[in-house]
>>> print(open('query-v4.csv').read())   # CSV, C-alpha atoms and all ligand atoms
chain,number,residue,atom,x,y,z
K,22,MET,CA,-3.6,8.1,11.3
K,23,PRO,CA,-3.9,10.4,8.3
K,24,ASP,CA,-2.6,10.0,4.8
K,25,ILE,CA,-0.2,12.9,4.4
K,26,PRO,CA,0.4,13.6,0.7
K,27,VAL,CA,4.1,14.7,0.5
K,28,TRP,CA,4.1,15.2,-3.3
K,29,ASN,CA,1.4,14.9,-6.0
K,30,LYS,CA,3.5,14.0,-9.1
K,31,CYS,CA,4.9,10.5,-9.9
K,32,ASP,CA,7.5,9.1,-12.3
K,33,ASN,CA,5.5,5.8,-12.5
K,34,LYS,CA,2.1,5.5,-14.3
K,35,CYS,CA,0.8,2.5,-12.4
K,36,VAL,CA,-2.3,1.2,-14.1
K,37,MET,CA,-4.2,0.7,-10.8
K,38,CYS,CA,-3.1,4.0,-9.1
K,39,ALA,CA,-5.9,5.2,-6.8
K,40,ASN,CA,-5.0,8.9,-7.2
K,41,THR,CA,-7.4,11.1,-9.2
K,42,ALA,CA,-6.3,13.1,-12.3
K,43,ALA,CA,-7.2,16.3,-10.4
K,44,PHE,CA,-4.8,15.5,-7.6
K,45,CYS,CA,-2.0,14.7,-10.0
K,46,LEU,CA,-2.5,17.8,-12.1
K,47,ASN,CA,-2.8,20.2,-9.2
K,48,THR,CA,0.0,22.7,-8.3
K,49,THR,CA,3.0,21.3,-6.4
K,50,LYS,CA,3.2,24.5,-4.3
K,51,ASP,CA,0.9,22.9,-1.7
K,52,TYR,CA,3.7,20.4,-0.9
K,53,ALA,CA,6.4,22.9,0.1
K,54,LEU,CA,7.8,22.0,3.6
K,55,LEU,CA,6.5,25.1,5.2
K,56,LYS,CA,2.9,24.3,4.0
K,57,GLN,CA,3.3,20.7,5.1
K,58,ALA,CA,4.4,21.8,8.6
K,59,ALA,CA,1.4,24.2,8.8
K,60,ARG,CA,-1.0,21.5,7.8
K,61,LEU,CA,0.4,19.0,10.3
K,62,GLU,CA,0.1,21.6,13.1
K,63,ARG,CA,-3.5,22.3,12.1
K,64,HIS,CA,-4.2,18.6,12.3
K,65,LEU,CA,-2.5,18.3,15.7
K,66,ARG,CA,-4.8,21.1,17.0
K,67,GLY,CA,-7.8,19.1,15.9
K,68,ALA,CA,-8.7,20.8,12.6
K,69,ALA,CA,-9.7,18.8,9.4
K,70,ALA,CA,-6.3,19.2,7.6
K,71,TYR,CA,-6.2,15.8,5.9
K,72,ARG,CA,-8.8,14.2,3.6
K,73,LYS,CA,-8.1,10.4,4.1
K,74,ASN,CA,-7.9,8.3,7.3
K,75,ALA,CA,-7.7,11.5,9.4
K,76,ARG,CA,-8.5,9.9,12.7
K,77,THR,CA,-8.0,6.1,12.2
K,78,ALA,CA,-5.6,4.1,14.2
K,79,GLY,CA,-2.2,2.9,13.0
K,80,ALA,CA,0.8,4.6,11.4
K,81,TRP,CA,1.1,8.1,9.9
K,82,ASN,CA,1.2,7.5,6.2
K,83,LEU,CA,3.5,9.7,4.1
K,84,THR,CA,2.1,9.3,0.6
K,85,GLY,CA,2.0,10.8,-2.9
K,86,GLY,CA,2.3,10.8,-5.9
K,87,GLU,CA,5.9,9.8,-5.3
K,88,PRO,CA,7.1,11.5,-2.1
K,89,THR,CA,10.8,11.2,-3.0
K,90,LEU,CA,10.3,13.5,-6.0
K,91,ASN,CA,9.6,16.4,-3.6
K,92,PRO,CA,12.8,18.6,-3.8
K,93,GLU,CA,12.5,18.9,0.0
K,94,PHE,CA,11.9,15.2,0.6
K,95,LEU,CA,14.8,14.6,2.9
K,96,LYS,CA,14.1,17.7,4.9
K,97,ALA,CA,10.4,16.6,5.1
K,98,VAL,CA,11.3,13.2,6.4
K,99,ALA,CA,13.6,14.7,9.1
K,100,TYR,CA,10.8,17.2,10.0
K,101,PHE,CA,8.0,14.5,10.3
K,102,ARG,CA,10.4,12.3,12.3
K,103,ARG,CA,11.2,15.1,14.7
K,104,ARG,CA,7.7,16.4,15.1
K,105,LEU,CA,6.1,13.0,15.5
K,106,LYS,CA,8.7,11.6,17.8
K,107,GLY,CA,8.0,8.0,18.8
K,108,GLU,CA,5.1,7.6,16.4
K,109,GLU,CA,5.1,4.9,13.6
K,110,LEU,CA,5.7,6.5,10.2
K,111,LEU,CA,5.0,4.6,7.0
K,112,LEU,CA,6.4,6.1,3.7
K,113,LEU,CA,4.8,4.7,0.6
K,114,SER,CA,7.1,5.0,-2.4
K,115,ASN,CA,7.9,3.3,-5.7
K,116,GLY,CA,11.5,3.0,-4.4
K,117,ARG,CA,13.2,4.1,-7.6
K,118,ARG,CA,15.1,7.0,-6.2
K,119,PHE,CA,16.8,4.8,-3.7
K,120,SER,CA,18.7,3.3,-6.6
K,121,ASP,CA,21.1,6.2,-6.0
K,122,PRO,CA,23.2,4.9,-3.1
K,123,ALA,CA,23.9,8.4,-1.7
K,124,PHE,CA,20.1,9.3,-1.6
K,125,ALA,CA,19.4,5.9,0.0
K,126,ALA,CA,22.0,6.6,2.7
K,127,ALA,CA,20.7,10.1,3.4
K,128,PHE,CA,17.1,8.8,3.7
K,129,ALA,CA,18.1,6.0,6.0
K,130,ALA,CA,19.9,8.5,8.3
K,131,ALA,CA,16.8,10.7,8.5
K,132,ALA,CA,14.2,7.9,8.8
K,133,ARG,CA,14.9,6.8,12.3
K,134,PRO,CA,12.7,4.2,13.9
K,135,PRO,CA,9.8,3.5,14.3
K,136,PHE,CA,9.8,4.0,10.5
K,137,THR,CA,8.7,1.6,7.7
K,138,LEU,CA,9.2,2.0,3.9
K,139,GLY,CA,6.4,0.5,1.9
K,140,VAL,CA,7.1,-0.3,-1.8
K,141,SER,CA,4.9,-2.1,-4.4
K,142,ILE,CA,6.2,-4.9,-6.5
K,143,HIS,CA,3.9,-5.8,-9.4
K,144,GLY,CA,5.3,-9.1,-10.7
K,145,PRO,CA,8.2,-11.5,-10.6
K,146,ASP,CA,10.3,-9.9,-13.3
K,147,ALA,CA,11.0,-6.7,-15.2
K,148,ALA,CA,8.5,-7.3,-18.0
K,149,SER,CA,5.5,-7.9,-15.7
K,150,HIS,CA,6.4,-5.2,-13.2
K,151,ASP,CA,7.1,-2.5,-15.8
K,152,GLN,CA,3.8,-3.4,-17.7
K,153,VAL,CA,1.9,-2.4,-14.5
K,154,ALA,CA,4.1,0.5,-13.6
K,155,GLY,CA,3.9,1.9,-17.1
K,156,VAL,CA,7.7,2.7,-17.2
K,157,LYS,CA,10.4,0.6,-18.8
K,158,GLY,CA,13.3,0.2,-16.3
K,159,ALA,CA,11.1,0.8,-13.2
K,160,PHE,CA,11.6,-2.7,-11.9
K,161,ARG,CA,15.4,-2.6,-12.2
K,162,GLN,CA,15.5,0.8,-10.3
K,163,THR,CA,13.1,-0.3,-7.7
K,164,MET,CA,14.9,-3.5,-6.9
K,165,ARG,CA,18.3,-1.8,-6.9
K,166,GLY,CA,16.8,0.8,-4.5
K,167,LEU,CA,15.5,-1.9,-2.1
K,168,LYS,CA,18.8,-3.7,-2.1
K,169,ASN,CA,20.7,-0.5,-1.4
K,170,LEU,CA,18.5,0.1,1.6
K,171,SER,CA,18.6,-3.5,2.8
K,172,ALA,CA,22.4,-3.2,2.9
K,173,LEU,CA,22.4,-0.1,5.2
K,174,PRO,CA,22.6,-0.7,8.9
K,175,GLY,CA,19.7,1.0,10.7
K,176,ALA,CA,17.6,1.5,7.5
K,177,PRO,CA,13.8,1.6,8.0
K,178,ALA,CA,11.9,-1.7,8.0
K,179,LEU,CA,10.9,-2.8,4.5
K,180,GLU,CA,7.3,-3.7,3.7
K,181,ILE,CA,6.7,-5.0,0.2
K,182,ARG,CA,3.1,-4.5,-1.1
K,183,VAL,CA,1.7,-6.8,-3.9
K,184,ILE,CA,-1.5,-5.3,-5.2
K,185,LEU,CA,-3.5,-7.9,-7.1
K,186,HIS,CA,-5.6,-7.3,-10.2
K,187,LYS,CA,-6.4,-9.1,-13.4
K,188,LEU,CA,-2.9,-8.3,-14.9
K,189,ASN,CA,-0.9,-10.0,-12.2
K,190,TYR,CA,-2.9,-12.2,-9.7
K,191,ARG,CA,-2.1,-15.4,-11.5
K,192,ARG,CA,1.6,-14.8,-10.9
K,193,LEU,CA,1.4,-14.2,-7.2
K,194,GLY,CA,3.4,-17.4,-6.3
K,195,ALA,CA,6.3,-16.4,-8.6
K,196,THR,CA,6.2,-12.8,-7.2
K,197,LEU,CA,6.4,-14.1,-3.6
K,198,GLY,CA,9.2,-16.5,-4.7
K,199,LEU,CA,11.2,-13.5,-6.0
K,200,LEU,CA,10.7,-11.6,-2.8
K,201,ARG,CA,11.8,-14.5,-0.6
K,202,ARG,CA,15.0,-14.9,-2.6
K,203,GLU,CA,15.9,-11.3,-3.1
K,204,LEU,CA,14.6,-9.5,0.0
K,205,PRO,CA,14.5,-12.2,2.7
K,206,GLY,CA,14.0,-9.8,5.6
K,207,CYS,CA,11.0,-7.9,4.2
K,208,ARG,CA,7.5,-7.8,5.6
K,209,LEU,CA,4.7,-8.5,3.1
K,210,VAL,CA,1.3,-7.1,2.4
K,211,VAL,CA,-0.9,-8.7,-0.3
K,212,MET,CA,-4.0,-6.7,-1.2
K,213,HIS,CA,-6.8,-6.6,-3.7
K,214,TYR,CA,-6.7,-3.4,-5.8
K,215,GLU,CA,-9.0,-0.5,-5.1
K,216,ALA,CA,-11.1,0.8,-8.1
K,217,GLU,CA,-10.4,4.5,-7.5
K,218,GLY,CA,-8.7,7.2,-9.6
K,219,ARG,CA,-6.7,5.8,-12.5
K,220,GLY,CA,-7.7,2.3,-11.2
K,221,ALA,CA,-11.3,3.1,-11.8
K,222,ARG,CA,-10.6,4.5,-15.3
K,223,ASN,CA,-8.7,1.3,-16.2
K,224,GLU,CA,-11.4,-0.9,-14.7
K,225,ALA,CA,-11.8,-2.9,-17.9
K,226,LYS,CA,-8.1,-4.0,-17.8
K,227,LEU,CA,-8.1,-4.6,-14.1
K,228,ALA,CA,-11.4,-6.0,-13.0
K,229,VAL,CA,-11.2,-9.4,-11.3
K,230,LYS,CA,-13.4,-10.8,-8.5
K,231,LEU,CA,-12.2,-11.1,-4.9
K,232,SER,CA,-12.9,-14.9,-5.1
K,233,ALA,CA,-10.2,-15.2,-7.8
K,234,THR,CA,-7.5,-13.1,-6.0
K,235,ALA,CA,-8.4,-14.7,-2.7
K,236,ALA,CA,-8.0,-18.2,-4.4
K,237,ALA,CA,-4.5,-17.1,-5.6
K,238,VAL,CA,-3.7,-16.0,-2.0
K,239,ASN,CA,-5.0,-19.3,-0.6
K,240,ARG,CA,-2.8,-21.3,-3.0
K,241,CYS,CA,0.2,-19.4,-1.7
K,242,ALA,CA,-0.4,-20.2,2.0
K,243,ALA,CA,2.9,-22.0,2.4
K,244,TYR,CA,4.8,-19.0,0.8
K,245,LEU,CA,3.1,-16.5,3.1
K,246,ALA,CA,4.2,-18.5,6.2
K,247,GLY,CA,7.8,-18.0,5.1
K,248,PHE,CA,7.8,-14.2,5.5
K,249,ARG,CA,8.9,-12.5,8.8
K,250,ALA,CA,5.5,-10.8,8.8
K,251,ALA,CA,2.6,-10.9,6.3
K,252,ALA,CA,-0.8,-9.2,6.2
K,253,LEU,CA,-3.8,-9.4,3.8
K,254,TYR,CA,-5.7,-6.2,3.0
K,255,HIS,CA,-9.2,-5.8,1.6
K,256,PHE,CA,-10.0,-9.6,1.7
K,257,PRO,CA,-13.3,-10.7,3.3
K,258,LEU,CA,-12.5,-13.4,5.9
K,259,CYS,CA,-15.0,-15.9,4.3
K,260,LEU,CA,-13.0,-16.0,1.1
K,261,LEU,CA,-9.7,-17.0,2.9
K,262,ARG,CA,-8.6,-20.4,4.1
K,263,PRO,CA,-9.2,-20.6,7.9
K,264,GLU,CA,-5.4,-20.6,8.7
K,265,LEU,CA,-4.9,-17.4,6.7
K,266,ARG,CA,-7.7,-15.4,8.3
K,267,ARG,CA,-5.4,-14.2,11.2
K,268,LEU,CA,-3.4,-12.3,8.5
K,269,ALA,CA,-6.5,-10.4,7.3
K,270,ARG,CA,-6.7,-6.8,8.4
K,271,VAL,CA,-9.7,-4.4,8.6
K,272,SER,CA,-7.7,-2.3,6.1
K,273,LEU,CA,-10.2,0.4,5.2
K,274,PRO,CA,-11.9,3.2,7.1
K,275,PRO,CA,-15.5,2.6,8.1
K,276,GLU,CA,-16.9,4.9,5.3
K,277,ASP,CA,-15.2,2.8,2.6
K,278,ARG,CA,-16.6,-0.6,3.9
K,279,ALA,CA,-19.9,-2.3,3.3
K,280,TYR,CA,-21.5,-5.3,5.0
K,281,PRO,CA,-24.3,-6.5,2.8
K,282,ALA,CA,-27.0,-9.0,3.6
K,283,PRO,CA,-24.9,-12.1,3.8
K,284,CYS,CA,-22.8,-10.4,6.6
K,285,ARG,CA,-25.8,-10.3,8.9
K,286,GLY,CA,-25.3,-12.7,11.7
K,287,CYS,CA,-21.8,-13.7,10.4
K,288,ALA,CA,-19.5,-14.8,13.3
K,289,GLY,CA,-16.5,-13.1,11.7
K,290,ARG,CA,-18.0,-9.7,11.1
K,291,GLU,CA,-16.2,-7.8,13.9
K,292,GLY,CA,-12.7,-8.6,12.5
K,293,CYS,CA,-13.7,-8.5,8.8
K,294,VAL,CA,-13.2,-5.7,6.3
K,295,GLY,CA,-16.4,-6.7,4.5
K,296,LEU,CA,-16.5,-5.4,0.9
K,297,MET,CA,-15.1,-2.2,-0.6
K,298,ARG,CA,-18.1,-0.1,-1.6
K,299,PRO,CA,-17.2,0.3,-5.3
K,300,TYR,CA,-16.6,-3.4,-5.5
K,301,LEU,CA,-20.1,-4.1,-4.0
K,302,ARG,CA,-21.6,-1.8,-6.6
K,303,ARG,CA,-19.9,-3.6,-9.5
K,304,PHE,CA,-19.9,-7.3,-8.4
K,305,GLY,CA,-22.6,-7.6,-5.7
K,306,ALA,CA,-22.3,-9.8,-2.6
K,307,GLY,CA,-22.8,-13.2,-4.2
K,308,GLU,CA,-19.4,-14.5,-3.3
K,309,LEU,CA,-19.8,-14.0,0.5
K,310,ARG,CA,-20.5,-17.0,2.8
K,311,PRO,CA,-21.2,-16.0,6.4
K,312,LEU,CA,-19.0,-17.8,8.9
K,313,PRO,CA,-20.8,-20.0,11.4
B,401,LIG,S1,-20.0,-12.8,5.4
B,401,LIG,FE1,-19.4,-10.6,5.5
B,401,LIG,S2,-18.7,-10.3,7.6
B,401,LIG,FE2,-18.7,-12.5,7.2
B,401,LIG,S3,-16.6,-13.0,6.6
B,401,LIG,FE3,-17.9,-12.7,4.7
B,401,LIG,S4,-17.6,-10.5,4.2
B,401,LIG,FE4,-16.9,-10.8,6.3
>>> encode(input="query-v4.csv", output="structure tokens", more="lines below")
Ligand code: SF4
Amino acid sequence: MPDIPVWNKCDNKCVMCANTAAFCLNTTKDYALLKQAARLERHLRGAAAYRKNARTAGAWNLTGGEPTLNPEFLKAVAYFRRRLKGEELLLLSNGRRFSDPAFAAAFAAAARPPFTLGVSIHGPDAASHDQVAGVKGAFRQTMRGLKNLSALPGAPALEIRVILHKLNYRRLGATLGLLRRELPGCRLVVMHYEAEGRGARNEAKLAVKLSATAAAVNRCAAYLAGFRAAALYHFPLCLLRPELRRLARVSLPPEDRAYPAPCRGCAGREGCVGLMRPYLRRFGAGELRPLP
């Protein structure tokens, strides 16, 4: 289902953010609720109203920027919930505004099921998270927000996303340990970063091969088994331990995936995400080993 940008500004400056500078600098007028509603109606009538994932399966993704900064955010959540009744909604947020207990409670009241809140945690402590988020104090606010929501009966399901790159992949085990301790009911997504937007501009800081991040994931197999639900995004099946392959998702639309020469005749191809196209251009396909 489409990515629906709810707001284009953000109060974090994440080093691997996939948004482009043009998107972030654009006017906020396009995100007024009346315009959002008109855009959704156009999409529901079959028009090309959204740029990303317009017709893929899965949840409707409410994205940004940081959606909670939209002055009409709570009304927008209530609107999308009402208009897309019964459909799975996924809100992607940095979680910081939920550190305000009243805001967290108002959100939980509007975000009726099926609704998931996805929040990224970048490391096991404030120093490592804030280094990636680019804002001192972000970790403290995000964790407080997540705890506020976890304590509310009927709050949306919580999905924590750990996006791996050169700055944080070595600390994956410690990050998962923190999540198991502090947010024991959460679902987990571990993913390799996408070299787009600011992430592409910061490539020198971030670049790491999939074989390295997949090896970090493989070392954490026991931790992954301890989560209520876990999924792996953007990892080729052939880089994962056999028992982890069932967690891998085809996490990109067809136009963003590549299946280079080693994938020909691979037994795993149908359920495999292959390689991200920018990754293939940068690193080639030499890490891939077709499955027998
Ligand atoms: S060889 Fe290609 S299709 Fe097969 S598991 Fe690896 S990336 Fe996937």
>>> closest_atom_pairs(input="query-v4.csv", of="chain K", to="ligand LIG 401 (chain B)", cutoff="7 Å", atoms="only C-alpha atoms and all ligand atoms", output="JSON lines")
{"residue": "K:Pro257", "atom": "CA", "partner": "B:LIG401", "partner_atom": "S4", "distance": 4.4}
{"residue": "K:Leu258", "atom": "CA", "partner": "B:LIG401", "partner_atom": "S3", "distance": 4.2}
{"residue": "K:Cys259", "atom": "CA", "partner": "B:LIG401", "partner_atom": "S3", "distance": 4.0}
{"residue": "K:Leu260", "atom": "CA", "partner": "B:LIG401", "partner_atom": "FE3", "distance": 6.9}
{"residue": "K:Tyr280", "atom": "CA", "partner": "B:LIG401", "partner_atom": "FE1", "distance": 5.7}
{"residue": "K:Pro281", "atom": "CA", "partner": "B:LIG401", "partner_atom": "FE1", "distance": 6.9}
{"residue": "K:Pro283", "atom": "CA", "partner": "B:LIG401", "partner_atom": "S1", "distance": 5.2}
{"residue": "K:Cys284", "atom": "CA", "partner": "B:LIG401", "partner_atom": "FE1", "distance": 3.6}
{"residue": "K:Cys287", "atom": "CA", "partner": "B:LIG401", "partner_atom": "FE2", "distance": 4.6}
{"residue": "K:Ala288", "atom": "CA", "partner": "B:LIG401", "partner_atom": "FE2", "distance": 6.6}
{"residue": "K:Gly289", "atom": "CA", "partner": "B:LIG401", "partner_atom": "FE2", "distance": 5.0}
{"residue": "K:Arg290", "atom": "CA", "partner": "B:LIG401", "partner_atom": "S2", "distance": 3.6}
{"residue": "K:Cys293", "atom": "CA", "partner": "B:LIG401", "partner_atom": "FE4", "distance": 4.7}
{"residue": "K:Val294", "atom": "CA", "partner": "B:LIG401", "partner_atom": "FE4", "distance": 6.3}
{"residue": "K:Gly295", "atom": "CA", "partner": "B:LIG401", "partner_atom": "S4", "distance": 4.0}
{"residue": "K:Leu296", "atom": "CA", "partner": "B:LIG401", "partner_atom": "S4", "distance": 6.2}
{"residue": "K:Leu309", "atom": "CA", "partner": "B:LIG401", "partner_atom": "FE3", "distance": 4.8}
{"residue": "K:Arg310", "atom": "CA", "partner": "B:LIG401", "partner_atom": "S1", "distance": 5.0}
{"residue": "K:Pro311", "atom": "CA", "partner": "B:LIG401", "partner_atom": "S1", "distance": 3.6}
{"residue": "K:Leu312", "atom": "CA", "partner": "B:LIG401", "partner_atom": "FE2", "distance": 5.6}
>>> closest_residue(input="query-v4.csv", among="K:Ala236, K:Leu173, K:Met212, K:Val229", to="Leu273 of chain K", atoms="only C-alpha atoms")
K:Met212
>>> atom_distance(input="query-v4.csv", atom1="atom CA of Thr84 of chain K", atom2="atom CA of Cys38 of chain K")
12.2 Å
>>> residues_around(input="query-v4.csv", residues="Gly86 of chain K", least_positions_apart="4", cutoff="10 Å", atoms="all atoms listed in the file", output="VMD selection string")
chain K and resid 26 to 34 38 to 40 44 to 45 90 to 91 113 to 115
>>> write_last_selection(input="query-v4.csv", atoms="C-alpha atoms", output="compact mmCIF listing (two decimals), in the frame of the given file")
# COMPACT_ATOMS: atom_id res chain seq x y z
CA PRO K 26 0.40 13.60 0.70
CA VAL K 27 4.10 14.70 0.50
CA TRP K 28 4.10 15.20 -3.30
CA ASN K 29 1.40 14.90 -6.00
CA LYS K 30 3.50 14.00 -9.10
CA CYS K 31 4.90 10.50 -9.90
CA ASP K 32 7.50 9.10 -12.30
CA ASN K 33 5.50 5.80 -12.50
CA LYS K 34 2.10 5.50 -14.30
CA CYS K 38 -3.10 4.00 -9.10
CA ALA K 39 -5.90 5.20 -6.80
CA ASN K 40 -5.00 8.90 -7.20
CA PHE K 44 -4.80 15.50 -7.60
CA CYS K 45 -2.00 14.70 -10.00
CA LEU K 90 10.30 13.50 -6.00
CA ASN K 91 9.60 16.40 -3.60
CA LEU K 113 4.80 4.70 0.60
CA SER K 114 7.10 5.00 -2.40
CA ASN K 115 7.90 3.30 -5.70
>>> atom_distance(input="query-v4.csv", atom1="atom CA of Leu170 of chain K", atom2="atom CA of Phe128 of chain K")
9.1 Å
